[in-house]
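**Student:** Here it is: the structure, laid out below.
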Amino acid sequence: MLKATGLTDEDLSRPLIAIANTWTEVMPCNFHLRRLAERVKEGVRAAGGTPIEFNTIAVSDGVAMGTEGMKASLISREVVADSIELVVRGHLFDAVVALSGCDKTIPGTVMALLRLNLPSLMLYGGSIAAGVFRGRDVTIQDVFEAVGSCAAGRMSEKDLHELEDHACPGPGACGGQFTANTMAMAIEALGLSIMGSASVPAMDARKDEVAIEAGKQVMDLLRRNLRPRQIVTRQALENAIATGAATGGSTNSVLHLLAIAKEAGVKLSIDDFDRISRKTPLLADLKPWGKYVAVDLYRAGGVPLIVKRLLEAKRLHGRALTVTGKTIAEEAQMATETAGQQVVRPLAQPLSPTGGLVILKGNLAPEGCVAKITGHEPLRHRGPARVFDSEEDAFAAIQKRQIKNGDVVVIRYEGPKGGPGMREMLAVTAALVGQGLGSSIALLTDGRFSGATRGLMAGHVAPEAAVGGPIALLRNGDLVAFDVKRRRLDAELSAAEWTRRYARWKPPQARYVAGVMAKYAQSVSSASEGAVTGFPIALTGPKRARKSPPLTRSRVISDF
C-alpha cells in the first residue's frame, strides 16, 4: 500500500515521520503551511527519516467571529487533537512534527503530541505582517473596533472598507499578542517548539530555514528517545504561564494550558495563573492594549529576549528541558537584543510590576473567571447589569446604542455546554471600544474573549449558566461589582434572594440535539478545568526516560 504512494524499500527502511498539517484555504493563518510542510520534509530526509504528510481541520476564529460559526472554534481544538492521535496511532508512525497556525490548532496539536508521547515537536506558522492604514500599523483588531466606530457615526463606511482592505496583507496568524501568538510563545516556553522559531513571521525568508531545522530536530529527538511528557512538567507549564503574563497575552491561554496539563498528566489549577501572574512583571508593549505587533517583537529580539528577561528576574525555571535537549536557560543564551528597541522593557522599568492575567472569584464565579489587566483598565467597577442570553442579542443592543456609561454587560448561555462551544466575544467587545465605551463599562460572560479584546472584561465565568451557575440568575438592574485588587466578582443580592431565584430557574433546552455540537455539549468539562472532553487522565506525572537499545522501527513501535 505504501509503495503505491511512491515509497521505496529504502524509504520504508527509515523511521516514518508524521507531518501533521493544519493547512487550509479558509484563512490566512494556515494558508502557507503547505509550503512550510515541504521544508519540514526536507529536514527530515536530510536527517535520515521518511516524512509522510497528512492533514487535519482548522476553524478560523477571525472569519467565524460574531456568527453561529464561532461555536465551532473551541470544539475544533478537540477534533484536531483526536484526528492527529487517530492517524498516528492507526499508521504506527515513529515521530511527529505538527504544524499549527490559527488559535485552536496550537493547543490541539500539542494535546495530540502529549497523548501519543512519541518524539515530536510543534512548528508555528508565524505571524502576519502588520497592515498599514493611512500611515499607521493596523491589525484585525482595528477592523472589529472600527465596526463600532462606524455604528456610532465616528467613522464612515468608506473609511471602514478601506481599513478592511489593508488590515491583513497576506498569510500568517493575527498580528498582535492575541491568542495565536500568545500560545505559540507559551509552547516555546513549554519546551515543545524550538526556541526562537515562533517569532519568525510567516512570510519572512528565515521561516523556511526554521521549518527545515524542525525536520532535522525531530530526528534528533527520535535518536535521543526524548518524548513530550519528559518535557512538559509542572515547571515547564509554569514557564508557559509566566511568558503569557509578561506579555499581556490572551485569556484563552488559561483554557489551553489547563487542557495541555491534563493531557500531560500534570496537576494545574486556574488559581496557579493568578499566583504566577502576581509575581511576573509585564514587560512587552504589545497590541491589543500596547503599541507594537508581533513582527516588531521579532525585530526586537523575539521570544528568546522575553525568556532571557524572565530568567534574569528569576521568574522562570531555568532547568526545564526543551526539544533540543538543552534547558530553557541554555537556550535563552542565544537571545540578542536589537539596540534601541522599545518593545520589551528592561526589568528595572516594567510596564507593570505584575502580569496581565487575573483570576476573579465571588458569588458570581465560585469556580473562577479570567480577566486581562494590563494597567489600562479600571480596577473597580460597580453598575447595573444589562443581561443578554446570547451574543447576538448583546451585539444588537450595542449597535442600537442601548448600552450606557456605567453598565455591566452580561452575556450568558455561551459557555462550553450552553453555547455550545464557548464563543469569543470580540465583535461585542470591539464594538463597545469603537463606540468609546471601553473604559466606562464592564462585561462578564461564560463565553470567551478573543486575544484582541481589551477593557474590564471577565470571561470563562464558571459554573456557566447552562448548568445553573449564578450568572444564570442575574436580572436587569442587579448591581454587579468588580474588585480586581481583591480578586472579586459579585452581585449585590442577599442569600435569600439567590435561593428564591434558583428555585425558579429551569435549564434551557439544548441548542443542538444531534451531531458534533450535541456530542461536545454532553461531554465537555467546566471552563475552570480547561473545557476538555474525554475520560479523566490519572495525574501521575511524566515517566522518566529509560535507557534505550539502538534505534529500530520495531523497537519504537513496541515502546509506543
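Residue numbering restarts at 1 for every chain of the C-alpha cells, chains are lettered A, B, ... in their displayed order, and ligands are numbered from 1 as they appear.
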Neighbouring residues of A:Phe54 were defined as those with any atom within 9 Å, considering only C-alpha atoms; residues of the same chain fewer than 6 positions away were excluded. Please report them as number ranges by chain.
**Tutor:** A: 18-22, 84, 87
**Student:** If we count only C-alpha atoms and set the cut-off at 7 Å, which residues sit around stretch 417-419 of chain A, ignoring sequence neighbours fewer than 5 positions away in its own chain? Please answer as a ChimeraX atom specification.
**Tutor:** /A:71,466,521,524
**Student:** Output all heavy atoms of each residue in that selection to a file, as an mmCIF file, in the first residue's frame.
**Tutor:**
```cif
data_model
loop_
_atom_site.group_PDB
_atom_site.id
_atom_site.type_symbol
_atom_site.label_atom_id
_atom_site.label_comp_id
_atom_site.auth_asym_id
_atom_site.auth_seq_id
_atom_site.Cartn_x
_atom_site.Cartn_y
_atom_site.Cartn_z
ATOM 1 N N LYS A 71 -19.059 29.011 17.269
ATOM 2 C CA LYS A 71 -19.224 27.905 18.216
ATOM 3 C C LYS A 71 -18.354 26.706 17.836
ATOM 4 O O LYS A 71 -18.070 25.857 18.679
ATOM 5 C CB LYS A 71 -20.691 27.487 18.277
ATOM 6 C CG LYS A 71 -21.597 28.567 18.869
ATOM 7 C CD LYS A 71 -23.052 28.133 18.906
ATOM 8 C CE LYS A 71 -23.919 29.226 19.528
ATOM 9 N NZ LYS A 71 -25.347 28.859 19.595
ATOM 10 N N ALA A 466 -25.645 27.453 31.728
ATOM 11 C CA ALA A 466 -26.377 26.265 31.277
ATOM 12 C C ALA A 466 -26.457 25.171 32.334
ATOM 13 O O ALA A 466 -27.340 24.313 32.271
ATOM 14 C CB ALA A 466 -25.740 25.709 30.006
ATOM 15 N N ALA A 521 -21.371 19.148 23.808
ATOM 16 C CA ALA A 521 -22.095 19.707 24.946
ATOM 17 C C ALA A 521 -22.302 18.666 26.044
ATOM 18 O O ALA A 521 -22.284 18.986 27.236
ATOM 19 C CB ALA A 521 -23.440 20.266 24.494
ATOM 20 N N VAL A 524 -18.278 17.918 27.562
ATOM 21 C CA VAL A 524 -17.251 18.903 27.892
ATOM 22 C C VAL A 524 -17.278 19.259 29.375
ATOM 23 O O VAL A 524 -18.331 19.275 30.019
ATOM 24 C CB VAL A 524 -17.437 20.174 27.029
ATOM 25 C CG1 VAL A 524 -18.706 20.934 27.411
ATOM 26 C CG2 VAL A 524 -16.216 21.083 27.119
#
```
**Student:** Can you pull out every residue within 8 Å of stretch 170-183 of chain A, counting only C-alpha atoms, but drop anything in the same chain fewer than 2 positions away, and send it as a PyMOL selection string?
**Tutor:** chain A and resi 28-32+101-104+106-107+125-130+139-140+168+185-187+198+201-203+244+247-253+286-288+292-295+450-452
**Student:** Show me, as a PDB file with N, CA and C atoms, in the first residue's frame, the residues that have an atom within 9 Å of A:Ile17 when counting only C-alpha atoms, minus same-chain residues fewer than 4 positions from it.
**Tutor:**
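The file below, around-v4.pdb, is the result:
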```pdb
ATOM      1  N   LYS A  41       9.793  18.489   5.525  1.00  0.00           N
ATOM      2  CA  LYS A  41      10.133  17.197   4.921  1.00  0.00           C
ATOM      3  C   LYS A  41      11.585  17.175   4.459  1.00  0.00           C
ATOM      4  N   VAL A  44      13.640  16.443   7.482  1.00  0.00           N
ATOM      5  CA  VAL A  44      13.508  15.042   7.902  1.00  0.00           C
ATOM      6  C   VAL A  44      14.353  14.138   7.010  1.00  0.00           C
ATOM      7  N   GLY A  49      15.254  10.390   7.834  1.00  0.00           N
ATOM      8  CA  GLY A  49      13.906   9.869   8.025  1.00  0.00           C
ATOM      9  C   GLY A  49      13.087   9.951   6.755  1.00  0.00           C
ATOM     10  N   THR A  50      11.910   9.328   6.801  1.00  0.00           N
ATOM     11  CA  THR A  50      10.962   9.384   5.690  1.00  0.00           C
ATOM     12  C   THR A  50       9.710  10.125   6.155  1.00  0.00           C
ATOM     13  N   PRO A  51       9.484  11.331   5.655  1.00  0.00           N
ATOM     14  CA  PRO A  51       8.312  12.094   6.086  1.00  0.00           C
ATOM     15  C   PRO A  51       7.062  11.665   5.326  1.00  0.00           C
ATOM     16  N   ILE A  52       5.928  11.614   6.025  1.00  0.00           N
ATOM     17  CA  ILE A  52       4.637  11.331   5.403  1.00  0.00           C
ATOM     18  C   ILE A  52       3.645  12.354   5.957  1.00  0.00           C
ATOM     19  N   GLU A  53       3.068  13.144   5.068  1.00  0.00           N
ATOM     20  CA  GLU A  53       2.204  14.246   5.480  1.00  0.00           C
ATOM     21  C   GLU A  53       0.737  13.840   5.456  1.00  0.00           C
ATOM     22  N   PHE A  93       3.316   5.608  13.243  1.00  0.00           N
ATOM     23  CA  PHE A  93       4.458   6.463  12.957  1.00  0.00           C
ATOM     24  C   PHE A  93       5.451   6.428  14.114  1.00  0.00           C
ATOM     25  N   ASP A  94       6.697   6.793  13.795  1.00  0.00           N
ATOM     26  CA  ASP A  94       7.764   6.759  14.794  1.00  0.00           C
ATOM     27  C   ASP A  94       7.948   8.092  15.515  1.00  0.00           C
ATOM     28  N   ALA A  95       7.573   9.195  14.873  1.00  0.00           N
ATOM     29  CA  ALA A  95       7.730  10.530  15.458  1.00  0.00           C
ATOM     30  C   ALA A  95       6.801  11.477  14.699  1.00  0.00           C
ATOM     31  N   VAL A  96       6.633  12.689  15.241  1.00  0.00           N
ATOM     32  CA  VAL A  96       5.652  13.617  14.675  1.00  0.00           C
ATOM     33  C   VAL A  96       6.196  15.042  14.691  1.00  0.00           C
ATOM     34  N   VAL A  97       5.977  15.762  13.579  1.00  0.00           N
ATOM     35  CA  VAL A  97       6.080  17.223  13.559  1.00  0.00           C
ATOM     36  C   VAL A  97       4.686  17.743  13.239  1.00  0.00           C
ATOM     37  N   VAL A 218      13.379  16.787  14.857  1.00  0.00           N
ATOM     38  CA  VAL A 218      12.554  15.652  15.261  1.00  0.00           C
ATOM     39  C   VAL A 218      13.329  14.344  15.125  1.00  0.00           C
ATOM     40  N   MET A 219      14.227  14.269  14.168  1.00  0.00           N
ATOM     41  CA  MET A 219      15.059  13.076  14.038  1.00  0.00           C
ATOM     42  C   MET A 219      16.033  12.966  15.212  1.00  0.00           C
TER      43      MET A 219
END
```
**Student:** For A:Asn363, which residue out of A:Val516, A:Leu437, A:Ala472, A:Ala242 is the nearest one, using only C-alpha atoms?
**Tutor:**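 Of the candidates, the smallest distance to A:Asn363 is held by A:Ala472.
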**Student:** Taking 6 positions as the minimum chain separation for residues in the same chain, which residues sit within 9 Å of A:Thr24 when counting only C-alpha atoms? Answer as a ChimeraX atom specification.
**Tutor:** /A:30-34,55-59
**Student:** Calculate how many Å separate atom CA of A:Gly265 from atom CA of A:Glu238, rounding to one decimal.
**Tutor:**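 It comes out at 14.4 Å.
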**Student:** Find the spatial neighbours of A:Gly406, counting only C-alpha atoms, within a cut-off of 12 Å - ignore same-chain residues fewer than 4 positions away - and output them as a VMD selection string.
**Tutor:** chain A and resid 378 380 to 386 437 to 443 456 477 479 to 482
**Student:** Next, dump the selected residues to file, keeping only C-alpha atoms, as a tab-separated table (two decimals), in the first residue's frame.
**Tutor:**
```tsv
chain	number	residue	atom	x	y	z
A	378	PRO	CA	-10.12	50.44	35.95
A	380	ARG	CA	-13.03	48.65	40.33
A	381	HIS	CA	-16.43	48.96	38.71
A	382	ARG	CA	-19.95	48.85	40.13
A	383	GLY	CA	-23.00	49.18	37.96
A	384	PRO	CA	-26.38	47.81	36.87
A	385	ALA	CA	-26.49	44.57	34.91
A	386	ARG	CA	-27.66	44.56	31.30
A	437	LEU	CA	-17.39	52.87	26.00
A	438	GLY	CA	-14.33	50.70	26.63
A	439	SER	CA	-13.27	52.45	29.84
A	440	SER	CA	-16.70	53.24	31.26
A	441	ILE	CA	-18.46	49.86	31.23
A	442	ALA	CA	-17.59	46.33	32.30
A	443	LEU	CA	-18.58	42.99	30.80
A	456	LEU	CA	-12.53	45.43	32.00
A	477	GLY	CA	-30.71	46.22	37.06
A	479	LEU	CA	-25.86	45.73	40.92
A	480	VAL	CA	-22.64	43.94	39.96
A	481	ALA	CA	-19.24	44.83	41.44
A	482	PHE	CA	-15.76	44.13	40.05
```
**Student:** Rounded to one decimal in Å, what is the spacing between atom CA of A:Ala394 and atom CA of A:Met425?
**Tutor:**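 Distance between the two atoms: 9.9 Å.
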**Student:** Can you list, as an MDAnalysis selection string, all residues belonging to stretch 145-217 of chain A that DSSP tags as helix (DSSP H, G or I)?
**Tutor:** chainID A and resid 145:151 157:166 179:190 206:217
**Student:** Using atom CA of A:Glu377 and atom CA of A:Gly356 as the two end points, give the distance in Å to one decimal.
**Tutor:**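 Between these atoms lies a distance of 10.8 Å.
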**Student:** Write out as a compact mmCIF listing (two decimals) with all heavy atoms, in the first residue's frame each polymer residue whose atoms come within 10 Å of A:Leu305, counting only C-alpha atoms; drop sequence neighbours fewer than 3 positions from it.
**Tutor:**
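File produced: selection16.txt:
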```
# COMPACT_ATOMS: atom_id res chain seq x y z
N GLY A 196 12.94 30.39 19.58
CA GLY A 196 13.15 31.37 18.53
C GLY A 196 12.38 31.10 17.26
O GLY A 196 12.33 31.96 16.37
N LEU A 297 8.11 42.62 17.74
CA LEU A 297 8.77 41.81 18.78
C LEU A 297 9.89 40.97 18.17
O LEU A 297 10.98 40.85 18.75
CB LEU A 297 7.75 40.90 19.47
CG LEU A 297 8.31 39.91 20.49
CD1 LEU A 297 9.02 40.63 21.63
CD2 LEU A 297 7.21 39.01 21.04
N TYR A 298 9.63 40.40 17.01
CA TYR A 298 10.67 39.61 16.32
C TYR A 298 11.90 40.47 16.05
O TYR A 298 13.04 40.05 16.31
CB TYR A 298 10.09 39.05 15.02
CG TYR A 298 11.12 38.42 14.11
CD1 TYR A 298 11.85 37.31 14.52
CD2 TYR A 298 11.36 38.94 12.83
CE1 TYR A 298 12.79 36.72 13.67
CE2 TYR A 298 12.29 38.36 11.98
CZ TYR A 298 13.01 37.25 12.41
OH TYR A 298 13.93 36.68 11.58
N ALA A 300 12.83 43.06 17.62
CA ALA A 300 13.45 43.48 18.88
C ALA A 300 14.30 42.39 19.52
O ALA A 300 15.21 42.69 20.30
CB ALA A 300 12.37 43.91 19.86
N GLY A 301 14.02 41.15 19.20
CA GLY A 301 14.75 40.04 19.81
C GLY A 301 13.92 38.79 19.98
O GLY A 301 14.44 37.73 20.33
N GLY A 302 12.60 38.90 19.78
CA GLY A 302 11.74 37.73 19.77
C GLY A 302 11.51 37.10 21.12
O GLY A 302 11.83 37.66 22.18
N LYS A 308 14.79 35.42 28.28
CA LYS A 308 16.01 35.85 28.96
C LYS A 308 15.70 36.85 30.07
O LYS A 308 16.25 36.77 31.18
CB LYS A 308 16.98 36.46 27.96
CG LYS A 308 18.34 36.81 28.56
CD LYS A 308 19.29 37.32 27.49
CE LYS A 308 20.66 37.64 28.11
NZ LYS A 308 21.60 38.17 27.09
N ARG A 309 14.79 37.81 29.79
CA ARG A 309 14.40 38.79 30.80
C ARG A 309 13.80 38.08 32.02
O ARG A 309 14.12 38.41 33.17
CB ARG A 309 13.36 39.75 30.24
CG ARG A 309 13.88 40.78 29.28
CD ARG A 309 14.43 42.02 30.01
NE ARG A 309 14.40 43.17 29.13
CZ ARG A 309 15.30 43.46 28.22
NH1 ARG A 309 16.34 42.66 28.05
NH2 ARG A 309 15.19 44.54 27.47
N LEU A 310 12.91 37.14 31.78
CA LEU A 310 12.24 36.47 32.89
C LEU A 310 13.20 35.60 33.68
O LEU A 310 13.06 35.45 34.90
CB LEU A 310 11.07 35.63 32.36
CG LEU A 310 9.88 36.44 31.83
CD1 LEU A 310 8.84 35.52 31.21
CD2 LEU A 310 9.25 37.27 32.96
N LEU A 311 14.18 35.01 33.01
CA LEU A 311 15.20 34.23 33.73
C LEU A 311 16.05 35.15 34.60
O LEU A 311 16.37 34.82 35.75
CB LEU A 311 16.08 33.48 32.73
CG LEU A 311 15.46 32.23 32.11
CD1 LEU A 311 16.26 31.79 30.89
CD2 LEU A 311 15.39 31.09 33.13
N ALA A 332 18.14 30.28 26.20
CA ALA A 332 17.99 31.73 26.30
C ALA A 332 19.31 32.47 26.08
O ALA A 332 19.31 33.68 25.81
CB ALA A 332 17.41 32.11 27.65
N GLN A 333 20.41 31.75 26.17
CA GLN A 333 21.70 32.40 25.94
C GLN A 333 21.85 32.88 24.50
O GLN A 333 22.68 33.73 24.18
CB GLN A 333 22.84 31.42 26.27
CG GLN A 333 22.89 31.00 27.73
CD GLN A 333 22.93 32.19 28.68
OE1 GLN A 333 23.74 33.10 28.50
NE2 GLN A 333 22.05 32.19 29.67
N MET A 334 21.02 32.32 23.58
CA MET A 334 21.08 32.73 22.18
C MET A 334 20.41 34.08 21.93
O MET A 334 20.51 34.66 20.86
CB MET A 334 20.38 31.68 21.29
CG MET A 334 18.88 31.59 21.56
SD MET A 334 18.01 30.41 20.52
CE MET A 334 17.71 31.40 19.08
N ALA A 335 19.70 34.59 22.94
CA ALA A 335 18.92 35.82 22.75
C ALA A 335 19.82 36.99 22.40
O ALA A 335 20.88 37.18 22.99
CB ALA A 335 18.12 36.13 24.01
N THR A 336 19.38 37.78 21.43
CA THR A 336 20.06 39.02 21.07
C THR A 336 19.04 40.15 21.09
O THR A 336 17.93 39.99 20.59
CB THR A 336 20.71 38.93 19.68
OG1 THR A 336 19.70 38.61 18.71
CG2 THR A 336 21.79 37.87 19.65
N GLU A 337 19.42 41.27 21.64
CA GLU A 337 18.52 42.41 21.75
C GLU A 337 18.94 43.51 20.78
O GLU A 337 20.09 43.93 20.77
CB GLU A 337 18.52 42.96 23.17
CG GLU A 337 17.56 44.11 23.37
CD GLU A 337 17.45 44.53 24.83
OE1 GLU A 337 18.04 43.86 25.70
OE2 GLU A 337 16.78 45.55 25.10
N THR A 338 18.01 43.93 19.95
CA THR A 338 18.28 44.99 18.99
C THR A 338 18.47 46.33 19.73
O THR A 338 17.64 46.70 20.56
CB THR A 338 17.13 45.12 17.98
OG1 THR A 338 16.97 43.86 17.32
CG2 THR A 338 17.40 46.20 16.97
N VAL A 344 10.24 45.52 24.30
CA VAL A 344 10.42 44.77 25.55
C VAL A 344 11.15 45.65 26.54
O VAL A 344 12.29 46.08 26.29
CB VAL A 344 11.20 43.46 25.31
CG1 VAL A 344 11.32 42.67 26.62
CG2 VAL A 344 10.52 42.61 24.24
```
**Student:** Using only C-alpha atoms, which residue out of A:Met155, A:Ile212, A:Leu432, A:Leu160 lies closest to A:Arg35?
**Tutor:**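 Checking each of A:Met155, A:Ile212, A:Leu432, A:Leu160 against A:Arg35, counting only C-alpha atoms, the winner is A:Ile212.
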**Student:** Let me make sure I understand: among A:Ser13, A:Ser197, A:Thr374, A:Ser528, which one has the smallest atom-to-atom distance to A:Met457 if we use only C-alpha atoms?
**Tutor:**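 Of A:Ser13, A:Ser197, A:Thr374, A:Ser528, the one nearest A:Met457, counting only C-alpha atoms, is A:Thr374.
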**Student:** Using DSSP on the backbone, list every residue of stretch 206-364 of chain A that comes out as strand (DSSP E), and give them as JSON, numbers by chain.
**Tutor:** {"A": [357, 358, 359, 360, 361, 362]}
